[in-house]
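Asks: Right, I'll just put the structure down here and ask away after.
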Amino acid sequence: MIRFTPTIGLMVIAMIILLVSGVHAQTAPPPGPPRGMRRDSITELDTNRSIAPFFKPSTAAKKTPDADGFIQRWLLLEPINKSIRSNIVFTGDYLKKAFDTIYFPDQFTVIPKDGEKVKVGEQELAWHALESPTFNMKLFRFAYGLHKQNYSVLFWAVTIVNSPREMKNVRLAAGSNGGSMWWLNGKQAVILDGDRRMVMDDAASARLTLHKGKNILRGAVINGPGLSDFCVRFLDENGAPVKDLTITTNQ
Amino acid sequence: MKIKIVSVIAALSIYAGGSAVAQIGKPFIHDPSTIAQSDGKYYTFGTGGGGLISDDGWTWNGGAVRPGGGAAPDILKIGDRYLVTYGATGGGLFGGHNGKILTMWNKTLDPKSPDFKYSDPIVVASSDGIEDNDAIDPSLFLDPGTGKLWLTYGTYFGYIRLVELDPKTGKRVAGNKALNIAIDCEATDLIYRDGWYYLLGTHGTCCDGPNSTYNIVVGRSKKVTGPYVDNIGREMLKGGGKMVLAAGDRLIGPGHFGRTVLGEGIEKMSCHYESDLDQSGRSVLGIRPLLWKNGWPVAGDNLKEGTYEIASERRGYALQIDVDFTRMAGVARGFNRNNDEPVKPIPSQELADVIKNWPTGNIGVTIGDYMFRPHQKWTITAAPGAGGYLGAPYYKITIAGTGRALAATADAEVITVPDFTGGPEQLWMIDQLTDGTYRIMPKVVPNSKEQLALVSIGDSSPTLAKFDMKSDNCKWDLRTH
């Protein structure tokens with residue numbers, strides 16, 4: 001979800017308007033915390049160009065979904081550069097072609113190690129095992145913090161969902177800014193086409209089965225101009241979040 | 001101008017489903033502020049400086065003056081002054097995301113007034129270009145309960161934030177820190193109703209003409225600081241939002257909500273449409289009724305020209321001219337007939353079947369059981385060249401297929417006159433109320449300065465009287481059959 005990227009001509013005209021109009025700033029807003037307001041520790045630290053406030057390295061510590069069931073530990077591949085001017089283009093057909101394209105070996109089966117690199121065209125891209133403190137994985141911040149291209153990009157993500165028992169009739173619920181597709185144990189489960197924005201439970205899969213033990217959850221998110229991110233969780237047959245899972249990023 | 005001039009012949013066949021008329025003049029604007037009234041006129045400011053002025057709320061043209069350029073301003077009248085806020089930058093369209101929000105005061109919005117002078121703008125919020133926020137798209141909200149002044153701002157680039165301003169100075173309250181209240185919105189706006197704070201936001205993509213996916217959503221909270229949640233309990237900080245208005249009626253990409261309360265039960269919302277397909281696909285000002293359903297705001301529909309039953313909410317009877325009922329002849333079957341005979345359609349009673357029996361002069365108006373007979377079918381169309389009021393043109397209300405027009409009388413009753421002449425007593429304001437019903441008011445009651453509405457004083461008896469939102473006597477449904 002984003003403002004459409006205008007033509008250069010419009011941009012130049014608009015810049016001229018803004019420059020000519022001018023701004024007469026007088027005083028800066030006073031700093032300091034408010035009384036009785038919630039604080040947001042993430043955004044207090046986000047003025048440095050780094051992934052640090054938005055992610056921390058994945059560890060071997062036990063990790064369950066958060067209180068709402070969102071999966072916050074993922075292996076993320078640095079963004080594949082694309083050329084996308086508008087997010088209107090993300091039709092189902094477009095996404096299938098984009099995600100069926102083989103960008104790197106074993107694209108639909110690999111469980112990479114943290115730091116492992118792949119070659120995609122002229123790009124050498126690394127996998128990062130990361131955890132997000134928020135419900136969503138902020139892919140724009142991932143790319144921006146690593147000084148990578150952050151608009152017109154395609155991200156791959158994979159994680160391992162460990163289930164203590166077989167769980168039938170669960171649904172994979174996903175939201176993404178940008179189009180996305182999600183596969184559980186190699187089968188396509190959810191597709192989010194069109195001009196998407198970050199909305200939890202934007203789409204849900206048909207009923208699925210989580211096997212006892214390891215389940216491989218894989219996703220791809222594509223975006224033109226926009227703050228790419230995604231959020232994923234499992235819902236039980238009553239629509240409640242599934243939380244008795246453990247999430248790992250290595251086999 | 002989208003007004004359809006409905007001919008007598010065409011009116012015979014038209015039922016509601018015609019076009020909804022839009023603001024006329026040159027209502028071209030992007031990111032309009034909430035509409036403000038000043039010195040008897042209506043104003044809205046837009047992106048890039050300047051804005052629109054309207055004498056009546058229906059015909060809009062350029063001419064409003066706002067210095068500072070930038071994007072997406074808002075206006076709020078506080079006491080006898082107007083506080084204007086705007087974003088100094090373009091939200092990433094024209095560079096980075098290091099935005100600034102400024103406020104400034106003016107005693108009047110009328111650029112011709114000797115009192116028209118803006119104070120120096122003051123920065124009240126900013127973003128550094130890297131943080132998860134872009135300080136554009138500000139909106140002002142004066143809490144009716146606490147008197148505190150709040151400002152929301154932000155765009156798709158990260159969080160929507162809330163800060164507190166001093167309502168006396170327009171400056172940021174000392175020590176105030178921005179609070180995140182939503183993500184993935186643009187053009188947010190706070191409003192309050194019945195113990196709830198509502199956060200309106202625009203989702204989707206702007207600035208791509210008819211391919212823009214802009215739409216307006218809402219969440220609500222018991223506290224101004226949130227959390228704002230939608231109708232299924234989903235926080236706007238997680239993308240939640242209940243739809244208020246999406247595309248329709250050849251108008252694409254509504255965004256930048258603003259609310260105008262005209263009185264109890266009469267509210268309007270303003271916005272822009274990214275593309276009006278009837279006006280070269282331009283971005284235009286939109287004004288439409290604001291309804292409330294189950295505690296949630298919903299955009300009403302501007303009245304579509306067409307032919308309606310005008311049904312009283314009092315009993316459900318329909319407005320009609322006072323003529324003798326004409327039976328439909330030759331089709332009564334009685335009982336115990338052979339039901340094996342083939343069925344066939346029977347024509348409805350038509351105007352030509354009955355009009356010859358109607359008086360040719362003035363005819364009174366009553367209310368009665370609706371039988372979809374010609375004396376109960378009213379064609380409502382915009383009155384050409386008659387101007388309008390906030391968000392709508394003055395309408396003429398005529399018996400379908402005729403020029404016979406509903407009119408107010410000097411003794412505050414209603415009649416029909418044989419032909420519409422355009423007199424002010426024959427012009428009607430039709431406002432959709434917050435509950436979805438309608439208030440119908442003549443522009444003028446002859447020899448009276450009172451604003452009176454069409455009211456059911458008896459089940460069968462209409463009159464003109466003061467409007468009372470709490471009374472079903474004062475409300476009407478416009479139904480199509």
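In the structure tokens, each chain is lettered A, B, ... as it comes, each chain's residues begin at 1, and ligands are numbered from 1 in order of appearance.
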Pull out every residue of chain B that has at least one atom within 6 Å of chain A, counting only C-alpha atoms, and report them as a list in words.
Replies: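 The contacting residues on chain B are Gly68, Gly69, Gly70, Phe94, Ile122, Val123, Val124, Ala125, Ile130, Glu131, Tyr156, Arg172, Ala174, Gly175, Asn176, Lys177, Gly204, Thr205, Cys206, Cys207, Asp208, Lys238 and Gly239 of chain B.
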Asks: Now that the selection is made, can you save its residues with C-alpha atoms as a short mmCIF file (atom, residue, chain, number, x, y, z; two decimals), in the first residue's frame?
Replies:
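Contents of out.cif, as written:
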```
data_model
loop_
_atom_site.label_atom_id
_atom_site.label_comp_id
_atom_site.auth_asym_id
_atom_site.auth_seq_id
_atom_site.Cartn_x
_atom_site.Cartn_y
_atom_site.Cartn_z
CA GLY B 68 2.93 27.19 3.03
CA GLY B 69 2.32 24.82 0.14
CA GLY B 70 2.89 21.23 1.12
CA PHE B 94 8.84 14.20 -3.85
CA ILE B 122 4.83 26.68 13.90
CA VAL B 123 6.27 23.18 13.64
CA VAL B 124 4.36 20.83 15.93
CA ALA B 125 5.57 17.43 14.72
CA ILE B 130 14.40 7.31 8.64
CA GLU B 131 12.02 6.65 11.48
CA TYR B 156 1.62 4.62 4.62
CA ARG B 172 2.74 21.22 20.92
CA ALA B 174 5.27 20.77 26.52
CA GLY B 175 6.57 17.29 27.23
CA ASN B 176 4.16 15.63 24.86
CA LYS B 177 5.48 12.59 23.04
CA GLY B 204 -5.01 1.88 -0.49
CA THR B 205 -3.07 3.68 -3.18
CA CYS B 206 -3.60 7.26 -4.18
CA CYS B 207 -2.53 9.42 -7.05
CA ASP B 208 -3.10 6.92 -9.86
CA LYS B 238 -2.46 -4.35 13.12
CA GLY B 239 -4.17 -3.11 10.02
#
```
Asks: Excluding Gly57 of chain B and its own-chain neighbours fewer than 2 positions away, which residues fall within 8 Å of it when counting only C-alpha atoms? Please give them as a PyMOL selection string.
Replies: chain B and resi 41-42+54-55+59-60+388-392
Asks: Which distance in Å separates atom CA of Asp276 of chain B and atom CA of Arg250 of chain B, to one decimal?
Replies: 6.2 Å
Asks: For the structure I just gave you, how does DSSP split segment 250-436 of chain B - specifically, which residues are strand (DSSP E or B)? Reply as a PyMOL selection string.
Replies: chain B and resi 251-263+266-276+282-293+296-299+304+306-312+318-321+363-368+378-382+388-389+392-393+395-399+405-408+414-417+428-432
Asks: Only C-alpha atoms, please: the residues just picked out, written as a PDB file, in the first residue's frame.
Replies:
```
ATOM      1  CA  LEU B 251     -16.349   7.901  -8.386  1.00  0.00           C
ATOM      2  CA  ILE B 252     -13.108   6.105  -7.618  1.00  0.00           C
ATOM      3  CA  GLY B 253     -10.714   6.292  -4.694  1.00  0.00           C
ATOM      4  CA  PRO B 254     -12.342   8.173  -1.809  1.00  0.00           C
ATOM      5  CA  GLY B 255      -9.887   9.491   0.757  1.00  0.00           C
ATOM      6  CA  HIS B 256      -9.278  12.223   3.349  1.00  0.00           C
ATOM      7  CA  PHE B 257     -12.394  11.965   5.464  1.00  0.00           C
ATOM      8  CA  GLY B 258     -13.796  15.043   7.166  1.00  0.00           C
ATOM      9  CA  ARG B 259     -16.969  15.312   9.255  1.00  0.00           C
ATOM     10  CA  THR B 260     -19.405  18.215   9.394  1.00  0.00           C
ATOM     11  CA  VAL B 261     -22.233  18.135  11.921  1.00  0.00           C
ATOM     12  CA  LEU B 262     -25.100  20.377  10.820  1.00  0.00           C
ATOM     13  CA  GLY B 263     -27.452  19.526  13.660  1.00  0.00           C
ATOM     14  CA  ILE B 266     -27.764  15.680  10.143  1.00  0.00           C
ATOM     15  CA  GLU B 267     -24.130  14.989   9.408  1.00  0.00           C
ATOM     16  CA  LYS B 268     -22.050  15.194   6.264  1.00  0.00           C
ATOM     17  CA  MET B 269     -18.709  13.745   5.366  1.00  0.00           C
ATOM     18  CA  SER B 270     -16.267  15.288   2.967  1.00  0.00           C
ATOM     19  CA  CYS B 271     -13.548  13.545   0.995  1.00  0.00           C
ATOM     20  CA  HIS B 272     -11.945  13.637  -2.355  1.00  0.00           C
ATOM     21  CA  TYR B 273     -12.349  11.061  -5.040  1.00  0.00           C
ATOM     22  CA  GLU B 274      -9.147  10.269  -6.837  1.00  0.00           C
ATOM     23  CA  SER B 275     -11.057  10.100 -10.090  1.00  0.00           C
ATOM     24  CA  ASP B 276     -14.517  11.217 -11.165  1.00  0.00           C
ATOM     25  CA  ARG B 282     -10.076  14.390 -12.175  1.00  0.00           C
ATOM     26  CA  SER B 283      -9.686  14.382  -8.436  1.00  0.00           C
ATOM     27  CA  VAL B 284     -12.792  16.088  -7.054  1.00  0.00           C
ATOM     28  CA  LEU B 285     -14.330  17.132  -3.771  1.00  0.00           C
ATOM     29  CA  GLY B 286     -16.984  14.777  -2.467  1.00  0.00           C
ATOM     30  CA  ILE B 287     -19.666  15.618   0.078  1.00  0.00           C
ATOM     31  CA  ARG B 288     -22.194  13.018   1.123  1.00  0.00           C
ATOM     32  CA  PRO B 289     -24.371  12.103   4.082  1.00  0.00           C
ATOM     33  CA  LEU B 290     -22.715  10.461   7.054  1.00  0.00           C
ATOM     34  CA  LEU B 291     -24.813   7.736   8.620  1.00  0.00           C
ATOM     35  CA  TRP B 292     -24.376   5.832  11.875  1.00  0.00           C
ATOM     36  CA  LYS B 293     -25.284   2.163  11.989  1.00  0.00           C
ATOM     37  CA  TRP B 296     -20.242   2.853  13.300  1.00  0.00           C
ATOM     38  CA  PRO B 297     -20.028   5.627  10.723  1.00  0.00           C
ATOM     39  CA  VAL B 298     -21.045   4.688   7.203  1.00  0.00           C
ATOM     40  CA  ALA B 299     -21.118   6.880   4.134  1.00  0.00           C
ATOM     41  CA  LYS B 304     -30.034   9.683  -7.063  1.00  0.00           C
ATOM     42  CA  GLY B 306     -35.416   9.128 -10.021  1.00  0.00           C
ATOM     43  CA  THR B 307     -38.951   8.245  -9.112  1.00  0.00           C
ATOM     44  CA  TYR B 308     -39.758   7.263  -5.572  1.00  0.00           C
ATOM     45  CA  GLU B 309     -42.393   6.403  -3.077  1.00  0.00           C
ATOM     46  CA  ILE B 310     -42.020   9.011  -0.329  1.00  0.00           C
ATOM     47  CA  ALA B 311     -42.964   7.001   2.731  1.00  0.00           C
ATOM     48  CA  SER B 312     -43.541   8.471   6.160  1.00  0.00           C
ATOM     49  CA  ALA B 318     -46.924   7.279   1.304  1.00  0.00           C
ATOM     50  CA  LEU B 319     -47.116  10.906   0.264  1.00  0.00           C
ATOM     51  CA  GLN B 320     -49.716  11.370  -2.472  1.00  0.00           C
ATOM     52  CA  ILE B 321     -51.788  13.995  -4.150  1.00  0.00           C
ATOM     53  CA  ILE B 363     -54.142  19.786  -5.650  1.00  0.00           C
ATOM     54  CA  GLY B 364     -53.719  19.080  -1.978  1.00  0.00           C
ATOM     55  CA  VAL B 365     -51.388  16.496  -0.536  1.00  0.00           C
ATOM     56  CA  THR B 366     -52.230  13.634   1.783  1.00  0.00           C
ATOM     57  CA  ILE B 367     -50.563  10.444   2.988  1.00  0.00           C
ATOM     58  CA  GLY B 368     -52.037   7.007   2.335  1.00  0.00           C
ATOM     59  CA  TRP B 378     -42.777  11.308  -7.135  1.00  0.00           C
ATOM     60  CA  THR B 379     -39.934  12.168  -9.437  1.00  0.00           C
ATOM     61  CA  ILE B 380     -37.073  13.937  -7.706  1.00  0.00           C
ATOM     62  CA  THR B 381     -34.560  15.791  -9.822  1.00  0.00           C
ATOM     63  CA  ALA B 382     -32.079  18.568  -9.267  1.00  0.00           C
ATOM     64  CA  GLY B 388     -28.047  24.145  -3.487  1.00  0.00           C
ATOM     65  CA  TYR B 389     -26.897  23.594   0.057  1.00  0.00           C
ATOM     66  CA  ALA B 392     -26.601  18.740  -2.657  1.00  0.00           C
ATOM     67  CA  PRO B 393     -28.603  20.759  -5.145  1.00  0.00           C
ATOM     68  CA  TYR B 395     -34.553  19.497  -5.823  1.00  0.00           C
ATOM     69  CA  LYS B 396     -37.897  19.696  -7.480  1.00  0.00           C
ATOM     70  CA  ILE B 397     -40.405  17.046  -6.504  1.00  0.00           C
ATOM     71  CA  THR B 398     -43.037  16.356  -9.107  1.00  0.00           C
ATOM     72  CA  ILE B 399     -45.646  13.718  -9.762  1.00  0.00           C
ATOM     73  CA  ALA B 405     -44.752  20.104  -8.233  1.00  0.00           C
ATOM     74  CA  LEU B 406     -44.761  19.869  -4.475  1.00  0.00           C
ATOM     75  CA  ALA B 407     -44.793  23.320  -2.899  1.00  0.00           C
ATOM     76  CA  ALA B 408     -44.882  24.981   0.499  1.00  0.00           C
ATOM     77  CA  VAL B 414     -48.015  21.557   1.398  1.00  0.00           C
ATOM     78  CA  ILE B 415     -49.823  21.418  -1.907  1.00  0.00           C
ATOM     79  CA  THR B 416     -48.996  20.610  -5.485  1.00  0.00           C
ATOM     80  CA  VAL B 417     -49.053  23.254  -8.165  1.00  0.00           C
ATOM     81  CA  TRP B 428     -36.570  21.224  -1.596  1.00  0.00           C
ATOM     82  CA  MET B 429     -33.631  20.230   0.528  1.00  0.00           C
ATOM     83  CA  ILE B 430     -33.447  16.474   0.951  1.00  0.00           C
ATOM     84  CA  ASP B 431     -30.920  15.367   3.538  1.00  0.00           C
ATOM     85  CA  GLN B 432     -30.269  11.786   4.458  1.00  0.00           C
TER      86      GLN B 432
END
```
Asks: Write out as a PyMOL selection string which residues come within 9 Å of Ile216 of chain A when counting only C-alpha atoms, dropping same-chain ones fewer than 2 positions away.
Replies: chain A and resi 109+111+158-162+183-186+214+218
Asks: Might you pull out every residue within 12 Å of Phe99 of chain A, with only C-alpha atoms counted and same-chain residues fewer than 2 positions away left off, and present them as an NGL selection string?
Replies: :A and (80 or 90 or 92-97 or 101-104 or 107-108 or 154-156 or 179-183 or 188 or 191 or 193 or 218-222)
Asks: For atom CA of Gly69 of chain A and atom CA of Ala206 of chain A, determine how far apart the two atoms are, in Å to one decimal place.
Replies: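 Answer for the atom CA of Gly69 of chain A to atom CA of Ala206 of chain A separation: 17.9 Å.
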Asks: Could you tell me how far atom CA of Gly295 of chain B lies from atom CA of Asn180 of chain B, in Å and to one decimal?
Replies: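 Computing the Euclidean distance for atom CA of Gly295 of chain B and atom CA of Asn180 of chain B yields 24.0 Å.
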Asks: In terms of the shortest atom-to-atom distance over only C-alpha atoms, which of A:Leu146, A:Leu75, A:Gly224, A:Asp229 is closest to Ala174 of chain A?
Replies: A:Asp229
Asks: Enumerate the residues of segment 196-378 of chain B with a DSSP assignment of alpha helix (DSSP H), computed from the backbone, and present them as a list in words.
Replies: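 So, restricting segment 196-378 of chain B to alpha helix (DSSP H), we get Leu351, Ala352, Asp353 and Val354 of chain B.
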